[in-house]
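To start, the structure under review is shown below, and the notes come after it.
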Amino acid sequence: MATIGHNNLNAKLVLLGDMGAGKSSLVLRFVKGQFLEFQESTIGAAFFSQTLAVNDATVKFEIWDTAGQERYHSLAPMYYRGAAAAIIVYDITSSDSFSRAKKWVQELQKQGNPNMVMALTGNKADLEDKRKVTAEEARVYAEENGLFFMETSAKSAANVNEVFYEIAKRLPRAQPAQSPAGMVLVDRPAEGSSAASCCS
Amino acid sequence: MYGTKGKIDLAFEYQSQASILRPSIHSRRANLTVKFQDLYGFTVEGNVDDVNVLNEVREKVRQQGRVWWALEANKGVNWYLHTTIGQGSALTSSLKFSALANAITLKKLIRKGIPPVLRPKVWFSLSGAAKKKSTVPDSYYDDLTKAVEGKVTPATRQIDHDLPRTFPGHAWLDTPEGHAALRRVLVAYSFRDSEVGYCQGLNYVAALLLLVMKTEEDAFWMLAVLLENVLVNDCYTNNLSGCHVEQRVFKDLLTKKCPRIATHLEALEFDVSLVTTEWFLCLFSKSLPSETTLRVWDVIFYEGAKVIFNVALAIFKMKEDQLIITHHVGEVINVLHTTTHHLFDPDDLLTVAFNQIGSMTTNTISKQRKKQEPEVMKELDQRIRRLNSLKVDDK
Ligand SMILES: Nc1nc2c(ncn2[C@@H]2O[C@H](COP(=O)(O)OP(=O)(O)OP(=O)(O)O)[C@@H](O)[C@H]2O)c(=O)[nH]1
Ligand SMILES: [Mg+2]
């Protein structure tokens with residue numbers, strides 16, 4: 001859950017998606033600014049944390065990067081339990097990975113925390129010539145399901161920080177009573193990706 | 001197809017055993033991190049203290065080697081195979097006694113580590129792999145690899161995807177030759193047991209087996225004996241039910257053996273499986289330095305899967321003081337990661353695992369597993385039903 005302390009927010013975030021879609025690569029790009037051509041496959045899950053400054057608050061993400069192989073699915077509830085946000089990742093060069101992503105969305109809608117902020121990301125956007133899933137198709141699906149959608153590339157870094165920044169902005173700033181006097185944290189209905197500086 | 005039986009030509013083969021690691025003057029002064037290759041060709045990053053520890057460990061390994069050679073000279077080659085009593089009731093009591101004595105010596109000796117040069121031979125005999133292999137025609141592995149060559153299945157696709165993602169950067173594994181060997185072992189196994197097929201995690205286990213055993217065929221049989229005889233059933237099959245069982249058994253054991261840690265972590269709402277799942281599925285190969293991992297495997301192949309519990313508990317136990325003052329999940333994970341990554345002296349870990357945890361027999365673990373199985377099955381079943389009902393809603 002996102003928990004509030006002054007204007008600091010702790011948010012548990014989980015990444016779900018098919019094996020090889022690029023979950024670990026997205027996290028590595030976001031947390032360390034790196035990209036590896038060959039990223040070790042994740043077993044179980046890996047943990048990372050990273051802090052973002054958004055407006056006048058800081059959001060500390062506690063990130064669970066999960067394993068993508070189908071049979072690891074049975075472990076997933078342990079990771080998404082109590083998560084404030086989820087990034088569901090597919091690979092734009094694989095239609096199968098897009099189907100898997102839809103299944104994750106359904107599962108989270110049923111089993112996840114009802115206020116969860118969900119992002120759908122079509123990763124490997126740098127591989128345009130191998131594209132199998134159109135951005136339009138994914139955007140329509142995302143809109144129908146109340147997710148926000150972006151195409152990313154962990155390789156080129158395109159939109160990676162923006163996804164996390166956008167999630168940070170959308171996290172419910174609940175319990176205004178707990179905020180220090182004079183400070184109201186509003187839930188901004190931010191549209192699209194802003195190029196505002198983040199995670200500096 | 002070539003080289004299925006040929007020895008892997010490990011350029012780094014044991015040569016580093018002889019050389020002392022010397023951090024440069026600069027790194028010594030500035031206490032910088034140094035990079036070097038360990039005994040099994042992995043690039044390790046550590047500080048100067050770590051390097052010193054590794055040098056001491058290597059000296060200990062050499063001494064252990066001398067003990068093994070002396071025993072072999074004294075008791076005869078393969079003496080360690082004669083440790084089972086009661087096979088022939090005609091054994092004289094003095095022979096029985098010597099078998100028993102051998103068994104006691106062997107258990108102690110293995111906990112102190114099998115010398116790397118003897119490791120393939122000792123593992124192969126003591127794990128039961130040799131016996132397993134002897135029940136099929138000699139050409140089994142060659143025939144199997146030939147028969148499945150060129151076949152494409154979901155398992156082979158996933159294996160291909162994971163080959164370059166298995167210990168990337170390793171001096172031998174991450175070469176075309178290494179990829180091809182690992183592929184043949186994993187693909188062959190996926191056909192041997194189609195229920196397991198390929199499970200992520202096995203890539204790391206098989207890779208390490210290849211590095212130790214030196215031949216693909218022996219690595220294949222070690223993998224087979226591990227999955228079919230050593231580990232709990234269904235560790236790697238469709239919903240990892242065996243792994244779920246192990247996790248529950250582990251949680252109970254942690255509560256019993258390390259109550260302060262268990263209570264504290266519970267208060268933080270930290271589910272230990274978040275970290276331990278990987279330990280159980282990769283048998284520590286992704287967490288501990290390779291030489292430490294293999295020391296753990298030495299004991300697993302002789303004493304069985306209960307050793308995984310000893311070792312996992314020991315990792316927590318070693319850091320009790322630090323763990324009980326953590327404030328959040330991230331800190332807990334940090335403590336555990338830092339600990340495992342720097343466990344360059346296997347004896348630090350194994351001493352705790354076998355002397356400070358209290359005895360756990362395979363029998364008690366089996367009973368615990370039996371107790372947990374119905375619960376796990378029920379849970380997994382409910383989950384599948386819920387997910388199926390999602391699909392119906394979708395229509
Ligand atoms: N071209 C390109 N390759 C990428 C991108 N993101 C990841 N990859 C590559 O895709 C492969 C898989 O990436 P990972 O990040 O390991 O995928 P994952 O989703 O974590 O996979 P699992 O851990 O197996 O579930 C790696 O070899 C990456 O280098 C990207 O944006 N563009
Ligand atoms: Mg991953």
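Ligands are numbered from 1 in the order shown, residues from 1 within each chain, and chains are lettered A, B, ... in the order they appear in the structure tokens.
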
Any idea what's packed within 9 Å of Asp298 of chain B, counting only C-alpha atoms, ignoring anything in its chain fewer than 5 positions away? Could you give it as a compact mmCIF listing (two decimals) with all heavy atoms, in the first residue's frame?
# COMPACT_ATOMS: atom_id res chain seq x y z
N ILE B 110 32.93 -34.73 3.90
CA ILE B 110 32.18 -34.04 2.86
C ILE B 110 31.70 -32.68 3.34
O ILE B 110 31.71 -31.71 2.60
CB ILE B 110 31.01 -34.92 2.37
CG1 ILE B 110 31.61 -36.01 1.49
CG2 ILE B 110 29.98 -34.12 1.60
CD1 ILE B 110 30.64 -36.96 0.89
N ARG B 111 31.35 -32.61 4.62
CA ARG B 111 30.97 -31.30 5.14
C ARG B 111 32.14 -30.32 5.11
O ARG B 111 31.95 -29.11 5.10
CB ARG B 111 30.42 -31.44 6.56
CG ARG B 111 29.02 -32.07 6.56
CD ARG B 111 28.45 -32.14 7.95
NE ARG B 111 27.08 -32.66 7.93
CZ ARG B 111 26.28 -32.63 8.99
NH1 ARG B 111 26.71 -32.13 10.14
NH2 ARG B 111 25.06 -33.13 8.91
N GLY B 113 34.21 -30.34 2.65
CA GLY B 113 34.42 -30.01 1.25
C GLY B 113 35.16 -31.08 0.47
O GLY B 113 36.15 -31.61 0.92
N ILE B 114 34.61 -31.36 -0.71
CA ILE B 114 35.28 -32.31 -1.62
C ILE B 114 36.26 -31.51 -2.47
O ILE B 114 35.89 -30.48 -3.02
CB ILE B 114 34.24 -33.01 -2.52
CG1 ILE B 114 33.19 -33.74 -1.66
CG2 ILE B 114 34.92 -33.96 -3.49
CD1 ILE B 114 31.99 -34.24 -2.45
N ARG B 119 35.70 -33.75 -7.17
CA ARG B 119 34.26 -33.47 -7.11
C ARG B 119 33.43 -34.24 -8.14
O ARG B 119 32.45 -34.91 -7.77
CB ARG B 119 34.06 -31.97 -7.25
CG ARG B 119 32.78 -31.47 -6.67
CD ARG B 119 32.78 -29.97 -6.52
NE ARG B 119 32.90 -29.53 -5.14
CZ ARG B 119 33.43 -28.37 -4.76
NH1 ARG B 119 33.93 -27.55 -5.66
NH2 ARG B 119 33.47 -28.05 -3.50
N VAL B 122 33.30 -38.02 -7.16
CA VAL B 122 32.61 -38.29 -5.89
C VAL B 122 31.12 -37.99 -6.01
O VAL B 122 30.28 -38.79 -5.58
CB VAL B 122 33.25 -37.48 -4.74
CG1 VAL B 122 32.51 -37.70 -3.43
CG2 VAL B 122 34.71 -37.85 -4.58
N TRP B 123 30.78 -36.87 -6.61
CA TRP B 123 29.36 -36.55 -6.80
C TRP B 123 28.66 -37.65 -7.59
O TRP B 123 27.58 -38.10 -7.24
CB TRP B 123 29.20 -35.25 -7.60
CG TRP B 123 29.30 -33.99 -6.81
CD1 TRP B 123 29.74 -33.85 -5.53
CD2 TRP B 123 28.97 -32.67 -7.28
NE1 TRP B 123 29.70 -32.52 -5.17
CE2 TRP B 123 29.23 -31.79 -6.22
CE3 TRP B 123 28.47 -32.17 -8.48
CZ2 TRP B 123 29.01 -30.41 -6.34
CZ3 TRP B 123 28.26 -30.81 -8.60
CH2 TRP B 123 28.53 -29.94 -7.53
N THR B 293 28.64 -22.16 -3.15
CA THR B 293 27.49 -22.91 -3.65
C THR B 293 27.85 -24.39 -3.79
O THR B 293 27.11 -25.27 -3.36
CB THR B 293 27.07 -22.39 -5.05
OG1 THR B 293 26.82 -21.00 -4.95
CG2 THR B 293 25.83 -23.10 -5.55
N GLU B 303 23.84 -35.88 1.60
CA GLU B 303 22.88 -35.98 2.70
C GLU B 303 21.44 -35.69 2.30
O GLU B 303 20.52 -35.96 3.06
CB GLU B 303 23.30 -35.03 3.83
CG GLU B 303 24.63 -35.41 4.45
CD GLU B 303 24.96 -34.56 5.67
OE1 GLU B 303 24.04 -34.20 6.42
OE2 GLU B 303 26.15 -34.24 5.86

With only C-alpha atoms and all ligand atoms counted and 9 Å as the cut-off, give the residues of chain A in contact with ligand 1, each with its shortest interatomic distance in Å and the pair that gives it, as JSON lines.
{"residue": "A:Leu15", "atom": "CA", "partner": "ligand 1", "partner_atom_place_in_ligand_line": "19 (O)", "distance": 8.6}
{"residue": "A:Leu16", "atom": "CA", "partner": "ligand 1", "partner_atom_place_in_ligand_line": "19 (O)", "distance": 7.9}
{"residue": "A:Gly17", "atom": "CA", "partner": "ligand 1", "partner_atom_place_in_ligand_line": "19 (O)", "distance": 6.4}
{"residue": "A:Asp18", "atom": "CA", "partner": "ligand 1", "partner_atom_place_in_ligand_line": "25 (O)", "distance": 5.9}
{"residue": "A:Met19", "atom": "CA", "partner": "ligand 1", "partner_atom_place_in_ligand_line": "25 (O)", "distance": 3.5}
{"residue": "A:Gly20", "atom": "CA", "partner": "ligand 1", "partner_atom_place_in_ligand_line": "21 (O)", "distance": 3.4}
{"residue": "A:Ala21", "atom": "CA", "partner": "ligand 1", "partner_atom_place_in_ligand_line": "19 (O)", "distance": 4.0}
{"residue": "A:Gly22", "atom": "CA", "partner": "ligand 1", "partner_atom_place_in_ligand_line": "15 (O)", "distance": 3.3}
{"residue": "A:Lys23", "atom": "CA", "partner": "ligand 1", "partner_atom_place_in_ligand_line": "19 (O)", "distance": 3.8}
{"residue": "A:Ser24", "atom": "CA", "partner": "ligand 1", "partner_atom_place_in_ligand_line": "20 (O)", "distance": 3.7}
{"residue": "A:Ser25", "atom": "CA", "partner": "ligand 1", "partner_atom_place_in_ligand_line": "15 (O)", "distance": 3.6}
{"residue": "A:Leu26", "atom": "CA", "partner": "ligand 1", "partner_atom_place_in_ligand_line": "15 (O)", "distance": 6.4}
{"residue": "A:Val27", "atom": "CA", "partner": "ligand 1", "partner_atom_place_in_ligand_line": "15 (O)", "distance": 7.9}
{"residue": "A:Leu28", "atom": "CA", "partner": "ligand 1", "partner_atom_place_in_ligand_line": "15 (O)", "distance": 8.1}
{"residue": "A:Phe35", "atom": "CA", "partner": "ligand 1", "partner_atom_place_in_ligand_line": "29 (O)", "distance": 6.9}
{"residue": "A:Leu36", "atom": "CA", "partner": "ligand 1", "partner_atom_place_in_ligand_line": "29 (O)", "distance": 5.2}
{"residue": "A:Glu37", "atom": "CA", "partner": "ligand 1", "partner_atom_place_in_ligand_line": "29 (O)", "distance": 3.8}
{"residue": "A:Phe38", "atom": "CA", "partner": "ligand 1", "partner_atom_place_in_ligand_line": "27 (O)", "distance": 3.8}
{"residue": "A:Gln39", "atom": "CA", "partner": "ligand 1", "partner_atom_place_in_ligand_line": "16 (O)", "distance": 4.4}
{"residue": "A:Glu40", "atom": "CA", "partner": "ligand 1", "partner_atom_place_in_ligand_line": "16 (O)", "distance": 5.6}
{"residue": "A:Ser41", "atom": "CA", "partner": "ligand 1", "partner_atom_place_in_ligand_line": "23 (O)", "distance": 3.9}
{"residue": "A:Thr42", "atom": "CA", "partner": "ligand 1", "partner_atom_place_in_ligand_line": "23 (O)", "distance": 3.6}
{"residue": "A:Ile43", "atom": "CA", "partner": "ligand 1", "partner_atom_place_in_ligand_line": "23 (O)", "distance": 6.8}
{"residue": "A:Gly44", "atom": "CA", "partner": "ligand 1", "partner_atom_place_in_ligand_line": "23 (O)", "distance": 8.8}
{"residue": "A:Ala45", "atom": "CA", "partner": "ligand 1", "partner_atom_place_in_ligand_line": "23 (O)", "distance": 8.2}
{"residue": "A:Asp65", "atom": "CA", "partner": "ligand 1", "partner_atom_place_in_ligand_line": "20 (O)", "distance": 7.2}
{"residue": "A:Thr66", "atom": "CA", "partner": "ligand 1", "partner_atom_place_in_ligand_line": "25 (O)", "distance": 6.5}
{"residue": "A:Ala67", "atom": "CA", "partner": "ligand 1", "partner_atom_place_in_ligand_line": "25 (O)", "distance": 4.1}
{"residue": "A:Gly68", "atom": "CA", "partner": "ligand 1", "partner_atom_place_in_ligand_line": "25 (O)", "distance": 3.3}
{"residue": "A:Gln69", "atom": "CA", "partner": "ligand 1", "partner_atom_place_in_ligand_line": "25 (O)", "distance": 6.0}
{"residue": "A:Val89", "atom": "CA", "partner": "ligand 1", "partner_atom_place_in_ligand_line": "19 (O)", "distance": 7.5}
{"residue": "A:Tyr90", "atom": "CA", "partner": "ligand 1", "partner_atom_place_in_ligand_line": "19 (O)", "distance": 8.1}
{"residue": "A:Asp91", "atom": "CA", "partner": "ligand 1", "partner_atom_place_in_ligand_line": "6 (N)", "distance": 8.1}
{"residue": "A:Gly122", "atom": "CA", "partner": "ligand 1", "partner_atom_place_in_ligand_line": "31 (O)", "distance": 9.0}
{"residue": "A:Asn123", "atom": "CA", "partner": "ligand 1", "partner_atom_place_in_ligand_line": "31 (O)", "distance": 5.3}
{"residue": "A:Lys124", "atom": "CA", "partner": "ligand 1", "partner_atom_place_in_ligand_line": "31 (O)", "distance": 3.4}
{"residue": "A:Ala125", "atom": "CA", "partner": "ligand 1", "partner_atom_place_in_ligand_line": "31 (O)", "distance": 6.1}
{"residue": "A:Asp126", "atom": "CA", "partner": "ligand 1", "partner_atom_place_in_ligand_line": "32 (N)", "distance": 5.7}
{"residue": "A:Leu127", "atom": "CA", "partner": "ligand 1", "partner_atom_place_in_ligand_line": "1 (N)", "distance": 5.8}
{"residue": "A:Thr152", "atom": "CA", "partner": "ligand 1", "partner_atom_place_in_ligand_line": "31 (O)", "distance": 6.5}
{"residue": "A:Ser153", "atom": "CA", "partner": "ligand 1", "partner_atom_place_in_ligand_line": "31 (O)", "distance": 3.4}
{"residue": "A:Ala154", "atom": "CA", "partner": "ligand 1", "partner_atom_place_in_ligand_line": "31 (O)", "distance": 3.7}
{"residue": "A:Lys155", "atom": "CA", "partner": "ligand 1", "partner_atom_place_in_ligand_line": "31 (O)", "distance": 4.3}
{"residue": "A:Ser156", "atom": "CA", "partner": "ligand 1", "partner_atom_place_in_ligand_line": "31 (O)", "distance": 6.7}
{"residue": "A:Ala157", "atom": "CA", "partner": "ligand 1", "partner_atom_place_in_ligand_line": "31 (O)", "distance": 7.5}
{"residue": "A:Ala158", "atom": "CA", "partner": "ligand 1", "partner_atom_place_in_ligand_line": "31 (O)", "distance": 8.4}

From the options A:Leu52, A:Ala11, A:Val59, A:Ala46, which residue's atoms come nearest to ligand 2, counting only C-alpha atoms and all ligand atoms?
A:Ala46

For Ala84 of chain A, find every residue with an atom within 8 Å (counting only C-alpha atoms), except residues of its own chain fewer than 4 positions away, and show them as a PDB file with N, CA, C and O atoms, in the first residue's frame.
ATOM      1  N   MET A   1       0.832  -1.202   0.000  1.00  0.00           N
ATOM      2  CA  MET A   1       0.000   0.000   0.000  1.00  0.00           C
ATOM      3  C   MET A   1       0.865   1.250   0.000  1.00  0.00           C
ATOM      4  O   MET A   1       1.961   1.251   0.539  1.00  0.00           O
ATOM      5  N   ALA A   2       0.338   2.281  -0.537  1.00  0.00           N
ATOM      6  CA  ALA A   2       1.060   3.538  -0.439  1.00  0.00           C
ATOM      7  C   ALA A   2       0.834   4.079   0.957  1.00  0.00           C
ATOM      8  O   ALA A   2      -0.294   4.192   1.411  1.00  0.00           O
ATOM      9  N   ALA A  11       5.666   3.443  -1.779  1.00  0.00           N
ATOM     10  CA  ALA A  11       4.724   2.707  -2.618  1.00  0.00           C
ATOM     11  C   ALA A  11       5.323   1.406  -3.097  1.00  0.00           C
ATOM     12  O   ALA A  11       6.419   1.372  -3.657  1.00  0.00           O
ATOM     13  N   LYS A  12       4.591   0.335  -2.848  1.00  0.00           N
ATOM     14  CA  LYS A  12       5.014  -0.957  -3.366  1.00  0.00           C
ATOM     15  C   LYS A  12       4.549  -1.090  -4.810  1.00  0.00           C
ATOM     16  O   LYS A  12       3.391  -0.828  -5.120  1.00  0.00           O
ATOM     17  N   LEU A  13       5.470  -1.431  -5.680  1.00  0.00           N
ATOM     18  CA  LEU A  13       5.156  -1.539  -7.102  1.00  0.00           C
ATOM     19  C   LEU A  13       5.598  -2.904  -7.612  1.00  0.00           C
ATOM     20  O   LEU A  13       6.675  -3.376  -7.267  1.00  0.00           O
ATOM     21  N   ASN A 113      -5.309  -5.060  -5.165  1.00  0.00           N
ATOM     22  CA  ASN A 113      -5.853  -3.973  -4.366  1.00  0.00           C
ATOM     23  C   ASN A 113      -6.682  -3.060  -5.277  1.00  0.00           C
ATOM     24  O   ASN A 113      -6.233  -2.648  -6.336  1.00  0.00           O
ATOM     25  N   ASN A 115      -7.532  -0.026  -5.398  1.00  0.00           N
ATOM     26  CA  ASN A 115      -7.054   1.306  -5.775  1.00  0.00           C
ATOM     27  C   ASN A 115      -5.735   1.283  -6.520  1.00  0.00           C
ATOM     28  O   ASN A 115      -5.067   2.295  -6.664  1.00  0.00           O
ATOM     29  N   MET A 116      -5.340   0.089  -6.935  1.00  0.00           N
ATOM     30  CA  MET A 116      -4.029  -0.034  -7.556  1.00  0.00           C
ATOM     31  C   MET A 116      -3.923   0.813  -8.818  1.00  0.00           C
ATOM     32  O   MET A 116      -4.835   0.831  -9.644  1.00  0.00           O
ATOM     33  N   VAL A 117      -2.813   1.512  -8.957  1.00  0.00           N
ATOM     34  CA  VAL A 117      -2.551   2.254 -10.194  1.00  0.00           C
ATOM     35  C   VAL A 117      -1.886   1.288 -11.164  1.00  0.00           C
ATOM     36  O   VAL A 117      -0.869   0.682 -10.846  1.00  0.00           O
ATOM     37  N   LEU A 171      -0.595   8.078  -7.874  1.00  0.00           N
ATOM     38  CA  LEU A 171      -0.834   7.373  -6.614  1.00  0.00           C
ATOM     39  C   LEU A 171      -1.787   8.185  -5.759  1.00  0.00           C
ATOM     40  O   LEU A 171      -1.633   9.401  -5.649  1.00  0.00           O
TER      41      LEU A 171
END

Can you list every residue of chain B that has an atom at most 12 Å from ligand 2, with its nearest atom pair and the distance in Å to one decimal, using only C-alpha atoms and all ligand atoms, ordered by chain then number, as a tab-separated table?
residue	atom	partner	partner_atom_place_in_ligand_line	distance
B:Asp162	CA	ligand 2	1 (Mg)	10.8
B:Arg165	CA	ligand 2	1 (Mg)	9.8
B:Thr166	CA	ligand 2	1 (Mg)	11.8
B:Gln200	CA	ligand 2	1 (Mg)	10.8
B:Gly201	CA	ligand 2	1 (Mg)	11.9

Let me see the file: selected residues, N, CA, C and O atoms, as a PDB file, in the first residue's frame.
ATOM      1  N   ASP B 162      16.762 -18.405 -22.989  1.00  0.00           N
ATOM      2  CA  ASP B 162      17.522 -18.235 -21.743  1.00  0.00           C
ATOM      3  C   ASP B 162      19.018 -18.510 -21.869  1.00  0.00           C
ATOM      4  O   ASP B 162      19.784 -18.133 -20.975  1.00  0.00           O
ATOM      5  N   ARG B 165      21.145 -15.698 -21.382  1.00  0.00           N
ATOM      6  CA  ARG B 165      20.774 -15.011 -20.139  1.00  0.00           C
ATOM      7  C   ARG B 165      21.178 -15.840 -18.924  1.00  0.00           C
ATOM      8  O   ARG B 165      20.715 -15.580 -17.822  1.00  0.00           O
ATOM      9  N   THR B 166      21.984 -16.879 -19.137  1.00  0.00           N
ATOM     10  CA  THR B 166      22.428 -17.724 -18.038  1.00  0.00           C
ATOM     11  C   THR B 166      23.875 -17.377 -17.701  1.00  0.00           C
ATOM     12  O   THR B 166      24.763 -17.658 -18.482  1.00  0.00           O
ATOM     13  N   GLN B 200      12.513 -22.255 -15.743  1.00  0.00           N
ATOM     14  CA  GLN B 200      13.577 -21.276 -15.494  1.00  0.00           C
ATOM     15  C   GLN B 200      14.175 -21.525 -14.124  1.00  0.00           C
ATOM     16  O   GLN B 200      13.449 -21.785 -13.161  1.00  0.00           O
ATOM     17  N   GLY B 201      15.462 -21.463 -14.019  1.00  0.00           N
ATOM     18  CA  GLY B 201      16.125 -21.806 -12.769  1.00  0.00           C
ATOM     19  C   GLY B 201      17.008 -23.016 -13.027  1.00  0.00           C
ATOM     20  O   GLY B 201      18.166 -23.063 -12.610  1.00  0.00           O
TER      21      GLY B 201
END

Determine which residues of segment 135-331 of chain B DSSP labels as alpha helix (DSSP H) from the backbone of this structure, then write them out as number ranges by chain.
B: 140-148, 154-162, 176-192, 202-213, 216-225, 241-257, 259-267, 273-282, 290-303, 306-318, 320-323, 329-331

For atom CA of Ile384 of chain B and atom CA of Ala76 of chain A, the interatomic separation in Å (one decimal)
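These atoms are spaced 12.8 Å apart.
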
Select from chain A everything DSSP, run on the backbone, classes as strand (DSSP E), then give the selection as a VMD selection string.
chain A and resid 3 to 5 8 to 17 45 to 54 57 to 66 85 to 91 117 to 123 148 to 151
